[in-house]
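Undergrad: One structure, pasted below without further comment.
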Amino acid sequence: MAMSFEWPWQYRFPPFFTLQPNVDTRQKQLAAWCSLVLSFCRLHKQSSMTVMEAQESPLFNNVKLQRKLPMESIQIVLEELRKKGNLEWLDKNKSSFLIMWRRPEEWGKLIYQWVSKSGQNNSVFTLYELTNGEDTEDQGCPGSVGGSCSSIDGTCMPWPLKVSASSYSALLREPGLQEVACP
């Protein structure tokens with residue numbers, strides 16, 4: 001069954017698509033945009049995109065209203081998400097990005113809790129097993145849609161694993177971060 005996305009009331013309000021000059025209003029508007037981006041990407045399991053794709057997506061382009069958030073404003077929203085720890089730029093030009101609807105610290109804590117709760121301390125996992133493995137299904141694995149780790153994209157996994165390694169005594173084996181051991 002496909003889940004439908006419920007747009008917030010602001011999305012149907014034309015001024016939402018123009019960043020407001022008043023500082024207080026702008027802060028509230030940016031908070032609403034950040035929440036919208038994270039909710040939209042989480043529901044659609046979207047973890048990366050280019051700024052051009054973002055501008056053309058329904059996220060920043062309300063066809064019904066015939067309103068589109070300008071590119072400069074999209075960059076401001078994305079930078080706000082980066083400051084909050086929910087976005088990483090994938091290139092120096094800031095043209096593509098990785099979106100994390102949970103900050104790496106939150107994922108790291110949830111992964112550690114799942115490993116401990118499932119009695120798998122001192123086990124070795126590959127990135128594939130953590131994001132797609134049978135053991136993660138219906139086991140309350142980190143913050144998942146449907147109870148599995150499938151809600152975190154493999155490209156996002158290195159950030160929370162590094163947090164797990166530093167905060168929760170996990171050991172990362174690198175060539176390309178393909179294995180992780182959680183003591």
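For the structure tokens, the naming scheme is as follows: chains receive sequential letters (A, B, ...) according to their order of presentation, residues are indexed from 1 within each chain, and ligands are indexed from 1 in presentation order.
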If you count only C-alpha atoms, which residues fall within 8 Å of range 28-40 of chain A, apart from same-chain ones fewer than 5 positions away, as a PyMOL selection string?
TA: chain A and resi 5+7-8+10+16+19-20+59+77-78+80-81+99-101
Undergrad: Neighbours of Ala54 in chain A within 12 Å (only C-alpha atoms; same-chain residues fewer than 6 positions away dropped), as a list of chain:residue names?
TA: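 My list of contacting residues is A:Val37, A:Phe40, A:Cys41, A:Gln46, A:Ser47, A:Ser48, A:Phe60, A:Asn61, A:Lys68, A:Leu69, A:Pro70, A:Met71, A:Ser73, A:Ile74, A:Gln75, A:Val77, A:Leu78, A:Ser95, A:Ser96, A:Phe97, A:Leu98, A:Ile99.
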Undergrad: Would you please work out which residue, of A:Asn121, A:Asn62, A:Gln27, A:Thr50, is nearest to Leu90 in chain A when using only C-alpha atoms?
TA: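 Distance minimum relative to Leu90 in chain A lands on A:Thr50.
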Undergrad: From a DSSP pass on the backbone, collect the residues of range 66-123 of chain A flagged as alpha helix (DSSP H) and hand them back as a list in words.
TA: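 Of range 66-123 of chain A, the ones in alpha helix (DSSP H) are Met71, Glu72, Ser73, Ile74, Gln75, Ile76, Val77, Leu78, Glu79, Glu80, Leu81, Arg82, Lys83, Pro104, Glu105, Glu106, Trp107, Gly108, Lys109, Leu110, Ile111, Tyr112, Gln113, Trp114, Val115, Ser116 and Lys117 of chain A.
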Undergrad: Range 10-84 of chain A: which residues are strand (DSSP E) by DSSP, as a list of chain:residue names?
TA: A:Ser48, A:Met49, A:Thr50, A:Asn61, A:Asn62, A:Arg67, A:Lys68
